[in-house]
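Enquirer: One file is attached below, coords-v7.pdb, containing PDB, C-alpha atoms and all ligand atoms.
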```pdb
ATOM      1  CA  MET A   1      11.474  17.822 -25.061
ATOM      2  CA  ALA A   2      14.451  15.524 -25.572
ATOM      3  CA  GLU A   3      13.782  12.271 -27.387
ATOM      4  CA  SER A   4      13.951   9.269 -25.020
ATOM      5  CA  VAL A   5      16.848   6.919 -25.651
ATOM      6  CA  HIS A   6      16.352   3.164 -25.656
ATOM      7  CA  LEU A   7      19.550   1.139 -25.571
ATOM      8  CA  ASN A   8      19.681  -2.578 -26.230
ATOM      9  CA  ARG A   9      20.821  -4.700 -23.315
ATOM     10  CA  ARG A  10      21.456  -8.349 -22.566
ATOM     11  CA  GLY A  11      18.672 -10.123 -20.699
ATOM     12  CA  LEU A  12      19.472 -11.369 -17.227
ATOM     13  CA  LEU A  13      18.590 -14.502 -15.293
ATOM     14  CA  PHE A  14      17.205 -13.441 -11.921
ATOM     15  CA  VAL A  15      17.204 -16.201  -9.306
ATOM     16  CA  LEU A  16      15.117 -15.850  -6.164
ATOM     17  CA  SER A  17      15.661 -18.519  -3.485
ATOM     18  CA  SER A  18      14.506 -18.833   0.096
ATOM     19  CA  PRO A  19      13.246 -21.435   2.517
ATOM     20  CA  SER A  20       9.516 -21.981   2.105
ATOM     21  CA  GLY A  21       7.593 -19.489   4.222
ATOM     22  CA  ALA A  22      10.100 -16.647   3.833
ATOM     23  CA  GLY A  23       7.915 -14.826   1.312
ATOM     24  CA  LYS A  24       9.525 -15.726  -2.007
ATOM     25  CA  THR A  25       6.278 -16.595  -3.791
ATOM     26  CA  THR A  26       4.603 -13.321  -2.788
ATOM     27  CA  ILE A  27       7.623 -11.335  -3.897
ATOM     28  CA  SER A  28       7.997 -13.110  -7.226
ATOM     29  CA  ARG A  29       4.268 -12.565  -7.971
ATOM     30  CA  LYS A  30       4.622  -8.877  -7.169
ATOM     31  CA  MET A  31       7.665  -8.607  -9.433
ATOM     32  CA  LEU A  32       5.835 -10.185 -12.363
ATOM     33  CA  ALA A  33       2.857  -7.882 -11.823
ATOM     34  CA  ALA A  34       5.020  -4.759 -11.522
ATOM     35  CA  ASP A  35       7.403  -5.266 -14.417
ATOM     36  CA  ARG A  36       6.501  -6.323 -17.943
ATOM     37  CA  ASP A  37      10.105  -7.026 -18.938
ATOM     38  CA  ILE A  38      10.561 -10.028 -16.659
ATOM     39  CA  ALA A  39       8.858 -13.393 -17.179
ATOM     40  CA  LEU A  40       8.773 -16.511 -15.001
ATOM     41  CA  SER A  41      10.560 -19.732 -15.853
ATOM     42  CA  ILE A  42       8.114 -22.569 -15.211
ATOM     43  CA  SER A  43       9.905 -25.633 -13.889
ATOM     44  CA  ALA A  44       9.109 -29.266 -14.517
ATOM     45  CA  THR A  45       8.669 -31.454 -11.454
ATOM     46  CA  THR A  46       7.876 -35.035 -10.522
ATOM     47  CA  ARG A  47       6.207 -34.050  -7.244
ATOM     48  CA  PRO A  48       2.419 -34.512  -7.043
ATOM     49  CA  MET A  49       0.236 -31.520  -7.775
ATOM     50  CA  ARG A  50      -1.084 -29.681  -4.702
ATOM     51  CA  PRO A  51      -4.661 -28.471  -4.445
ATOM     52  CA  GLY A  52      -5.066 -25.219  -6.334
ATOM     53  CA  GLU A  53      -2.035 -25.756  -8.557
ATOM     54  CA  VAL A  54      -2.401 -25.642 -12.331
ATOM     55  CA  ASP A  55      -0.333 -27.778 -14.714
ATOM     56  CA  GLY A  56       1.651 -25.524 -17.034
ATOM     57  CA  LYS A  57       1.226 -22.485 -14.775
ATOM     58  CA  ASP A  58       2.757 -23.463 -11.417
ATOM     59  CA  TYR A  59       4.828 -26.336 -12.804
ATOM     60  CA  HIS A  60       4.871 -28.766 -15.668
ATOM     61  CA  PHE A  61       3.922 -31.903 -13.753
ATOM     62  CA  VAL A  62       5.606 -34.948 -15.272
ATOM     63  CA  ASP A  63       6.255 -38.543 -14.207
ATOM     64  CA  VAL A  64       9.711 -39.864 -13.368
ATOM     65  CA  PRO A  65      10.356 -41.633 -16.734
ATOM     66  CA  THR A  66       9.399 -38.463 -18.630
ATOM     67  CA  PHE A  67      11.677 -36.385 -16.423
ATOM     68  CA  LYS A  68      14.572 -38.829 -16.911
ATOM     69  CA  GLN A  69      14.054 -38.725 -20.670
ATOM     70  CA  MET A  70      14.133 -34.915 -20.605
ATOM     71  CA  VAL A  71      17.424 -35.083 -18.682
ATOM     72  CA  ALA A  72      18.852 -37.552 -21.226
ATOM     73  CA  ASP A  73      17.754 -35.296 -24.081
ATOM     74  CA  GLY A  74      19.539 -32.301 -22.545
ATOM     75  CA  GLU A  75      16.285 -30.402 -22.154
ATOM     76  CA  PHE A  76      17.185 -28.894 -18.775
ATOM     77  CA  LEU A  77      19.317 -25.857 -18.064
ATOM     78  CA  GLU A  78      19.645 -27.254 -14.535
ATOM     79  CA  TRP A  79      17.883 -29.877 -12.474
ATOM     80  CA  ALA A  80      18.078 -31.232  -8.928
ATOM     81  CA  HIS A  81      16.527 -33.516  -6.353
ATOM     82  CA  VAL A  82      14.651 -31.390  -3.836
ATOM     83  CA  PHE A  83      12.892 -33.022  -0.872
ATOM     84  CA  GLY A  84      12.640 -36.402  -2.592
ATOM     85  CA  HIS A  85      11.377 -35.164  -5.954
ATOM     86  CA  ARG A  86      13.015 -33.998  -9.162
ATOM     87  CA  TYR A  87      12.779 -30.381 -10.293
ATOM     88  CA  GLY A  88      14.262 -28.872 -13.445
ATOM     89  CA  THR A  89      14.346 -25.718 -15.542
ATOM     90  CA  PRO A  90      13.437 -26.369 -19.188
ATOM     91  CA  ARG A  91      16.041 -24.749 -21.429
ATOM     92  CA  ALA A  92      14.013 -23.836 -24.533
ATOM     93  CA  PRO A  93      11.491 -21.398 -22.972
ATOM     94  CA  VAL A  94      14.309 -19.545 -21.190
ATOM     95  CA  GLU A  95      16.219 -19.112 -24.438
ATOM     96  CA  LYS A  96      13.045 -17.890 -26.124
ATOM     97  CA  MET A  97      12.355 -15.333 -23.395
ATOM     98  CA  LEU A  98      15.917 -14.021 -23.547
ATOM     99  CA  GLU A  99      15.741 -13.768 -27.357
ATOM    100  CA  ALA A 100      12.489 -11.828 -27.033
ATOM    101  CA  GLY A 101      14.399  -9.281 -24.913
ATOM    102  CA  ASN A 102      12.912 -10.366 -21.590
ATOM    103  CA  ASP A 103      14.624 -11.021 -18.304
ATOM    104  CA  VAL A 104      13.786 -14.355 -16.710
ATOM    105  CA  LEU A 105      12.803 -14.974 -13.087
ATOM    106  CA  PHE A 106      13.636 -18.324 -11.459
ATOM    107  CA  ASP A 107      12.086 -19.640  -8.270
ATOM    108  CA  ILE A 108      14.621 -22.412  -7.705
ATOM    109  CA  ASP A 109      16.687 -23.734  -4.802
ATOM    110  CA  TRP A 110      20.394 -23.265  -4.031
ATOM    111  CA  GLN A 111      21.395 -26.237  -6.213
ATOM    112  CA  GLY A 112      19.616 -24.679  -9.182
ATOM    113  CA  ALA A 113      21.178 -21.277  -8.484
ATOM    114  CA  GLN A 114      24.618 -22.892  -8.420
ATOM    115  CA  GLN A 115      24.114 -24.821 -11.683
ATOM    116  CA  LEU A 116      22.634 -21.842 -13.474
ATOM    117  CA  TYR A 117      25.625 -19.796 -12.379
ATOM    118  CA  GLN A 118      28.002 -22.445 -13.736
ATOM    119  CA  GLU A 119      26.065 -22.468 -17.004
ATOM    120  CA  ALA A 120      25.485 -18.738 -17.561
ATOM    121  CA  GLY A 121      27.605 -16.956 -14.908
ATOM    122  CA  PRO A 122      27.735 -13.328 -16.025
ATOM    123  CA  ASP A 123      24.037 -13.216 -16.920
ATOM    124  CA  VAL A 124      22.892 -14.605 -13.562
ATOM    125  CA  VAL A 125      21.838 -12.515 -10.540
ATOM    126  CA  ARG A 126      21.250 -14.556  -7.387
ATOM    127  CA  VAL A 127      19.060 -13.230  -4.566
ATOM    128  CA  PHE A 128      18.372 -15.063  -1.312
ATOM    129  CA  ILE A 129      15.570 -14.097   1.042
ATOM    130  CA  LEU A 130      15.928 -14.823   4.758
ATOM    131  CA  PRO A 131      13.122 -14.825   7.328
ATOM    132  CA  PRO A 132      13.583 -12.338  10.212
ATOM    133  CA  SER A 133      13.792 -15.270  12.664
ATOM    134  CA  MET A 134      13.128 -19.004  12.755
ATOM    135  CA  ALA A 135      10.229 -18.370  15.175
ATOM    136  CA  GLU A 136       8.637 -16.038  12.612
ATOM    137  CA  LEU A 137       9.209 -18.585   9.837
ATOM    138  CA  GLU A 138       7.470 -21.243  11.931
ATOM    139  CA  ARG A 139       4.614 -18.840  12.689
ATOM    140  CA  ARG A 140       4.167 -18.195   8.933
ATOM    141  CA  LEU A 141       4.223 -21.905   8.133
ATOM    142  CA  ARG A 142       1.619 -22.594  10.831
ATOM    143  CA  ALA A 143      -0.552 -19.694   9.642
ATOM    144  CA  ARG A 144      -1.006 -21.514   6.344
ATOM    145  CA  ASN A 145      -2.951 -24.045   8.380
ATOM    146  CA  THR A 146      -2.235 -26.809   5.931
ATOM    147  CA  ASP A 147       0.438 -28.884   7.621
ATOM    148  CA  SER A 148       0.642 -31.255  10.576
ATOM    149  CA  ASP A 149       3.220 -30.720  13.352
ATOM    150  CA  GLU A 150       5.347 -33.420  11.784
ATOM    151  CA  VAL A 151       5.363 -31.675   8.412
ATOM    152  CA  ILE A 152       6.135 -28.321  10.064
ATOM    153  CA  THR A 153       9.125 -29.869  11.885
ATOM    154  CA  ALA A 154      10.390 -31.325   8.601
ATOM    155  CA  ARG A 155       9.928 -27.962   6.842
ATOM    156  CA  MET A 156      11.873 -26.178   9.611
ATOM    157  CA  GLU A 157      14.764 -28.635   9.170
ATOM    158  CA  ARG A 158      14.736 -28.088   5.416
ATOM    159  CA  ALA A 159      14.620 -24.343   5.965
ATOM    160  CA  ALA A 160      17.742 -24.480   8.148
ATOM    161  CA  ASN A 161      19.460 -26.533   5.446
ATOM    162  CA  GLU A 162      18.452 -24.113   2.679
ATOM    163  CA  ILE A 163      19.606 -21.119   4.769
ATOM    164  CA  SER A 164      23.041 -22.715   5.222
ATOM    165  CA  HIS A 165      23.654 -21.959   1.510
ATOM    166  CA  TRP A 166      23.087 -18.202   1.885
ATOM    167  CA  ASP A 167      26.681 -17.392   0.951
ATOM    168  CA  GLY A 168      26.259 -18.720  -2.604
ATOM    169  CA  TYR A 169      24.183 -15.661  -3.498
ATOM    170  CA  ASP A 170      24.995 -12.162  -4.764
ATOM    171  CA  TYR A 171      22.387 -10.480  -2.565
ATOM    172  CA  VAL A 172      20.873 -11.612   0.733
ATOM    173  CA  LEU A 173      17.790  -9.818   2.074
ATOM    174  CA  VAL A 174      15.818 -10.177   5.296
ATOM    175  CA  ASN A 175      12.081 -10.217   4.726
ATOM    176  CA  ASP A 176      10.712  -8.566   7.864
ATOM    177  CA  ASP A 177       8.289  -6.498   5.798
ATOM    178  CA  VAL A 178       7.042  -7.748   2.427
ATOM    179  CA  GLU A 179       6.655  -4.276   0.855
ATOM    180  CA  GLY A 180      10.143  -3.222   1.931
ATOM    181  CA  CYS A 181      11.675  -6.481   0.764
ATOM    182  CA  PHE A 182       9.882  -6.229  -2.599
ATOM    183  CA  GLU A 183      11.232  -2.685  -3.058
ATOM    184  CA  GLN A 184      14.741  -3.951  -2.347
ATOM    185  CA  VAL A 185      14.384  -6.752  -4.877
ATOM    186  CA  MET A 186      13.169  -4.271  -7.513
ATOM    187  CA  ALA A 187      16.099  -1.951  -6.720
ATOM    188  CA  ILE A 188      18.479  -4.865  -7.354
ATOM    189  CA  LEU A 189      16.735  -5.709 -10.643
ATOM    190  CA  ARG A 190      16.893  -2.095 -11.852
ATOM    191  CA  ALA A 191      20.538  -1.638 -10.897
ATOM    192  CA  GLU A 192      21.598  -4.966 -12.416
ATOM    193  CA  ARG A 193      19.881  -4.002 -15.675
ATOM    194  CA  MET A 194      21.978  -0.842 -15.780
ATOM    195  CA  LYS A 195      25.327  -2.611 -15.481
ATOM    196  CA  ARG A 196      27.562  -1.470 -18.295
ATOM    197  CA  ARG A 197      28.328  -4.949 -19.627
ATOM    198  CA  ARG A 198      24.622  -5.710 -19.981
ATOM    199  CA  GLN A 199      23.971  -2.527 -21.939
ATOM    200  CA  VAL A 200      25.401  -3.701 -25.234
ATOM    201  CA  GLY A 201      23.758  -0.728 -26.979
ATOM    202  CA  LEU A 202      26.022   1.676 -25.036
ATOM    203  CA  ILE A 203      29.081   0.986 -27.168
ATOM    204  CA  GLY A 204      27.663   2.497 -30.355
ATOM    205  CA  PHE A 205      25.732   5.155 -28.458
ATOM    206  CA  ALA A 206      28.777   6.521 -26.649
ATOM    207  CA  ARG A 207      30.857   6.345 -29.836
ATOM    208  CA  ASP A 208      28.247   8.361 -31.713
ATOM    209  CA  LEU A 209      28.085  10.938 -28.903
ATOM    210  CA  ILE A 210      31.836  11.457 -29.183
ATOM    211  CA  ARG A 211      31.823  11.480 -32.973
ATOM    212  CA  SER A 212      29.076  14.075 -33.092
ATOM    213  CA  VAL A 213      31.559  16.648 -31.773
ATOM    214  CA  PRO A 214      33.801  17.612 -34.727
ATOM    215  CA  ASP A 215      37.442  16.727 -34.211
ATOM    216  CA  ALA A 216      36.909  15.703 -30.553
ATOM    217  CA  ASP A 217      38.305  12.206 -31.167
ATOM    218  CA  THR A 218      41.606  13.557 -32.499
ATOM    219  CA  LYS A 219      42.217  15.389 -29.208
ATOM    220  CA  LEU A 220      41.386  12.529 -26.800
TER     221      LEU A 220
HETATM  222  P1  LIG A 301       7.746 -26.713  -3.969
HETATM  223  O1  LIG A 301       7.626 -28.193  -4.140
HETATM  224  O2  LIG A 301       7.422 -26.260  -2.570
HETATM  225  O3  LIG A 301       6.985 -25.964  -5.039
HETATM  226  O4  LIG A 301       9.286 -26.345  -4.220
HETATM  227  C1  LIG A 301      10.257 -26.932  -3.442
HETATM  228  C2  LIG A 301      11.614 -26.290  -3.746
HETATM  229  O5  LIG A 301      12.029 -26.615  -5.071
HETATM  230  C3  LIG A 301      11.617 -24.762  -3.665
HETATM  231  O6  LIG A 301      12.765 -24.377  -2.904
HETATM  232  C4  LIG A 301      11.785 -24.335  -5.091
HETATM  233  O7  LIG A 301      12.485 -23.106  -5.174
HETATM  234  C5  LIG A 301      12.590 -25.483  -5.677
HETATM  235  N1  LIG A 301      12.462 -25.576  -7.123
HETATM  236  C6  LIG A 301      11.361 -25.366  -7.881
HETATM  237  N2  LIG A 301      11.627 -25.529  -9.190
HETATM  238  C7  LIG A 301      12.940 -25.830  -9.286
HETATM  239  C8  LIG A 301      13.817 -26.100 -10.387
HETATM  240  O8  LIG A 301      13.453 -26.088 -11.563
HETATM  241  N3  LIG A 301      15.099 -26.380 -10.082
HETATM  242  C9  LIG A 301      15.569 -26.396  -8.807
HETATM  243  N4  LIG A 301      16.842 -26.647  -8.612
HETATM  244  N5  LIG A 301      14.770 -26.150  -7.743
HETATM  245  C10 LIG A 301      13.482 -25.873  -7.983
END
```
Would you kindly transcribe this structure into structure tokens?
Ligand code: 5GP
Expert:
Amino acid sequence: MAESVHLNRRGLLFVLSSPSGAGKTTISRKMLAADRDIALSISATTRPMRPGEVDGKDYHFVDVPTFKQMVADGEFLEWAHVFGHRYGTPRAPVEKMLEAGNDVLFDIDWQGAQQLYQEAGPDVVRVFILPPSMAELERRLRARNTDSDEVITARMERAANEISHWDGYDYVLVNDDVEGCFEQVMAILRAERMKRRRQVGLIGFARDLIRSVPDADTKL
């Protein structure tokens, strides 16, 4: 049997954005469970912890002065105000994950996607997930049973605002079926990994293939 070939490639920064309720959290969890080569970037935030959340796992929960100090110290790859709180992507863990040969998954909003793209353009893949309809989004938000009517109305307004930035993304998917949408996201990840410019190991590999045929290079 032929020996399997492993070529080095550049890690990529995979951004998943969507309005809350469109299924982004479920899809990102499924991605992390299905693929060992992608790891999650854990953001820092000044928003209060919600029940069930774990510091260091869901977010690094910090107070405003700490967050401001981190900004001043250049510790963030990107940061933004989202719904009245500050959210940011710590730079060091991302660099570590990329150095370790991992891809990095980001659950960040459109402002974060834009800043990350400005910072690391060619290594960034931006995916936006849309709900099948606003009625379905509202149904999903209500099914969580955690929010008052007032909060749901505010979330629907934020969702419409988030959706208005759909055209800042490389891929836009409609999540009418979680399994199908997850498969599409994985197809994007696999194809993006295969892009020639990410496969830095190809240069030497292709050169060696050509050189292994005597005299072939003199006739090209
Ligand atoms: P939540 O408070 O519901 O966890 O998140 C609110 C919004 O903030 C979501 O759209 C989420 O994607 C976004 N968000 C979370 N972390 C970051 C971050 O580090 N940077 C940016 N720009 N947005 C973030």
Enquirer: Counting all atoms listed in the file, which protein, DNA or RNA residues come within 8 Å of ligand LIG 301 (chain A), given as a PyMOL selection string?
Expert: chain A and resi 16-20+42-45+47+59+78-83+86-90+106-113+162
Enquirer: Just want the 10 Å neighbourhood of A:Leu77, counted on only C-alpha atoms, with same-chain residues fewer than 3 positions away dropped. Output as a list in words.
Expert: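 The neighbour list is Val71, Gly74, Gly88, Thr89, Pro90, Arg91, Ala92, Val94, Glu95, Gly112, Gln115, Leu116, Glu119 and Ala120 of chain A.
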Enquirer: Using all atoms listed in the file, which residue out of A:Asp73, A:Thr146, A:Asp103, A:Thr46 lies closest to A:Arg190?
Expert: A:Asp103
Enquirer: What does the distance between atom CA of A:Gln199 and atom CA of A:Asn8 come to in Å, to one decimal place?
Expert: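 Atom CA of A:Asn8 lies at a distance of 6.1 Å from atom CA of A:Gln199.
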Enquirer: What gap, in Å, lies between atom CA of A:Gly201 and atom CA of A:Leu7?
Expert: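 Computing the Euclidean distance for atom CA of A:Gly201 and atom CA of A:Leu7 yields 4.8 Å.
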Enquirer: Neighbours of A:Gly168 within 10 Å (only C-alpha atoms; same-chain residues fewer than 4 positions away dropped), as a ChimeraX atom specification?
Expert: /A:110-111,113-114,117,126-128,164,172
Enquirer: When you get a chance, write out N, CA and C atoms for stretch 62-92 of chain A, as a PDB file, in the coordinates of the input.
Expert:
```pdb
ATOM      1  N   VAL A  62       5.259 -33.811 -14.414  1.00  0.00           N
ATOM      2  CA  VAL A  62       5.606 -34.948 -15.272  1.00  0.00           C
ATOM      3  C   VAL A  62       5.931 -36.163 -14.400  1.00  0.00           C
ATOM      4  N   ASP A  63       5.877 -37.363 -14.994  1.00  0.00           N
ATOM      5  CA  ASP A  63       6.255 -38.543 -14.207  1.00  0.00           C
ATOM      6  C   ASP A  63       7.777 -38.757 -14.299  1.00  0.00           C
ATOM      7  N   VAL A  64       8.260 -39.670 -13.452  1.00  0.00           N
ATOM      8  CA  VAL A  64       9.711 -39.864 -13.368  1.00  0.00           C
ATOM      9  C   VAL A  64      10.331 -40.284 -14.718  1.00  0.00           C
ATOM     10  N   PRO A  65       9.738 -41.265 -15.442  1.00  0.00           N
ATOM     11  CA  PRO A  65      10.356 -41.633 -16.734  1.00  0.00           C
ATOM     12  C   PRO A  65      10.427 -40.453 -17.702  1.00  0.00           C
ATOM     13  N   THR A  66       9.376 -39.632 -17.736  1.00  0.00           N
ATOM     14  CA  THR A  66       9.399 -38.463 -18.630  1.00  0.00           C
ATOM     15  C   THR A  66      10.523 -37.515 -18.221  1.00  0.00           C
ATOM     16  N   PHE A  67      10.639 -37.291 -16.910  1.00  0.00           N
ATOM     17  CA  PHE A  67      11.677 -36.385 -16.423  1.00  0.00           C
ATOM     18  C   PHE A  67      13.065 -36.917 -16.810  1.00  0.00           C
ATOM     19  N   LYS A  68      13.262 -38.226 -16.598  1.00  0.00           N
ATOM     20  CA  LYS A  68      14.572 -38.829 -16.911  1.00  0.00           C
ATOM     21  C   LYS A  68      14.882 -38.697 -18.393  1.00  0.00           C
ATOM     22  N   GLN A  69      13.861 -38.864 -19.228  1.00  0.00           N
ATOM     23  CA  GLN A  69      14.054 -38.725 -20.670  1.00  0.00           C
ATOM     24  C   GLN A  69      14.455 -37.286 -21.024  1.00  0.00           C
ATOM     25  N   MET A  70      13.803 -36.328 -20.354  1.00  0.00           N
ATOM     26  CA  MET A  70      14.133 -34.915 -20.605  1.00  0.00           C
ATOM     27  C   MET A  70      15.587 -34.630 -20.214  1.00  0.00           C
ATOM     28  N   VAL A  71      16.023 -35.247 -19.102  1.00  0.00           N
ATOM     29  CA  VAL A  71      17.424 -35.083 -18.682  1.00  0.00           C
ATOM     30  C   VAL A  71      18.341 -35.657 -19.767  1.00  0.00           C
ATOM     31  N   ALA A  72      18.007 -36.880 -20.221  1.00  0.00           N
ATOM     32  CA  ALA A  72      18.852 -37.552 -21.226  1.00  0.00           C
ATOM     33  C   ALA A  72      18.902 -36.748 -22.528  1.00  0.00           C
ATOM     34  N   ASP A  73      17.806 -36.074 -22.844  1.00  0.00           N
ATOM     35  CA  ASP A  73      17.754 -35.296 -24.081  1.00  0.00           C
ATOM     36  C   ASP A  73      18.355 -33.897 -23.927  1.00  0.00           C
ATOM     37  N   GLY A  74      18.897 -33.609 -22.766  1.00  0.00           N
ATOM     38  CA  GLY A  74      19.539 -32.301 -22.545  1.00  0.00           C
ATOM     39  C   GLY A  74      18.547 -31.149 -22.530  1.00  0.00           C
ATOM     40  N   GLU A  75      17.315 -31.453 -22.104  1.00  0.00           N
ATOM     41  CA  GLU A  75      16.285 -30.402 -22.154  1.00  0.00           C
ATOM     42  C   GLU A  75      16.333 -29.432 -20.976  1.00  0.00           C
ATOM     43  N   PHE A  76      17.159 -29.770 -19.953  1.00  0.00           N
ATOM     44  CA  PHE A  76      17.185 -28.894 -18.775  1.00  0.00           C
ATOM     45  C   PHE A  76      18.439 -28.020 -18.723  1.00  0.00           C
ATOM     46  N   LEU A  77      18.215 -26.794 -18.308  1.00  0.00           N
ATOM     47  CA  LEU A  77      19.317 -25.857 -18.064  1.00  0.00           C
ATOM     48  C   LEU A  77      19.986 -26.234 -16.746  1.00  0.00           C
ATOM     49  N   GLU A  78      19.178 -26.715 -15.818  1.00  0.00           N
ATOM     50  CA  GLU A  78      19.645 -27.254 -14.535  1.00  0.00           C
ATOM     51  C   GLU A  78      18.540 -28.134 -14.012  1.00  0.00           C
ATOM     52  N   TRP A  79      18.905 -29.096 -13.179  1.00  0.00           N
ATOM     53  CA  TRP A  79      17.883 -29.877 -12.474  1.00  0.00           C
ATOM     54  C   TRP A  79      18.474 -30.410 -11.188  1.00  0.00           C
ATOM     55  N   ALA A  80      17.600 -30.755 -10.226  1.00  0.00           N
ATOM     56  CA  ALA A  80      18.078 -31.232  -8.928  1.00  0.00           C
ATOM     57  C   ALA A  80      17.004 -32.053  -8.235  1.00  0.00           C
ATOM     58  N   HIS A  81      17.463 -32.854  -7.263  1.00  0.00           N
ATOM     59  CA  HIS A  81      16.527 -33.516  -6.353  1.00  0.00           C
ATOM     60  C   HIS A  81      16.255 -32.538  -5.230  1.00  0.00           C
ATOM     61  N   VAL A  82      14.997 -32.250  -4.972  1.00  0.00           N
ATOM     62  CA  VAL A  82      14.651 -31.390  -3.836  1.00  0.00           C
ATOM     63  C   VAL A  82      13.572 -32.121  -3.047  1.00  0.00           C
ATOM     64  N   PHE A  83      13.851 -32.368  -1.771  1.00  0.00           N
ATOM     65  CA  PHE A  83      12.892 -33.022  -0.872  1.00  0.00           C
ATOM     66  C   PHE A  83      12.289 -34.288  -1.491  1.00  0.00           C
ATOM     67  N   GLY A  84      13.122 -35.113  -2.100  1.00  0.00           N
ATOM     68  CA  GLY A  84      12.640 -36.402  -2.592  1.00  0.00           C
ATOM     69  C   GLY A  84      11.980 -36.386  -3.964  1.00  0.00           C
ATOM     70  N   HIS A  85      11.928 -35.226  -4.598  1.00  0.00           N
ATOM     71  CA  HIS A  85      11.377 -35.164  -5.954  1.00  0.00           C
ATOM     72  C   HIS A  85      12.367 -34.469  -6.880  1.00  0.00           C
ATOM     73  N   ARG A  86      12.135 -34.647  -8.191  1.00  0.00           N
ATOM     74  CA  ARG A  86      13.015 -33.998  -9.162  1.00  0.00           C
ATOM     75  C   ARG A  86      12.382 -32.701  -9.642  1.00  0.00           C
ATOM     76  N   TYR A  87      13.225 -31.681  -9.795  1.00  0.00           N
ATOM     77  CA  TYR A  87      12.779 -30.381 -10.293  1.00  0.00           C
ATOM     78  C   TYR A  87      13.787 -29.920 -11.345  1.00  0.00           C
ATOM     79  N   GLY A  88      13.319 -29.346 -12.438  1.00  0.00           N
ATOM     80  CA  GLY A  88      14.262 -28.872 -13.445  1.00  0.00           C
ATOM     81  C   GLY A  88      13.733 -27.680 -14.222  1.00  0.00           C
ATOM     82  N   THR A  89      14.672 -26.906 -14.752  1.00  0.00           N
ATOM     83  CA  THR A  89      14.346 -25.718 -15.542  1.00  0.00           C
ATOM     84  C   THR A  89      14.459 -26.049 -17.024  1.00  0.00           C
ATOM     85  N   PRO A  90      13.347 -26.106 -17.750  1.00  0.00           N
ATOM     86  CA  PRO A  90      13.437 -26.369 -19.188  1.00  0.00           C
ATOM     87  C   PRO A  90      14.209 -25.250 -19.899  1.00  0.00           C
ATOM     88  N   ARG A  91      15.119 -25.669 -20.763  1.00  0.00           N
ATOM     89  CA  ARG A  91      16.041 -24.749 -21.429  1.00  0.00           C
ATOM     90  C   ARG A  91      15.354 -23.894 -22.506  1.00  0.00           C
ATOM     91  N   ALA A  92      14.531 -24.532 -23.347  1.00  0.00           N
ATOM     92  CA  ALA A  92      14.013 -23.836 -24.533  1.00  0.00           C
ATOM     93  C   ALA A  92      13.206 -22.566 -24.210  1.00  0.00           C
TER      94      ALA A  92
END
```
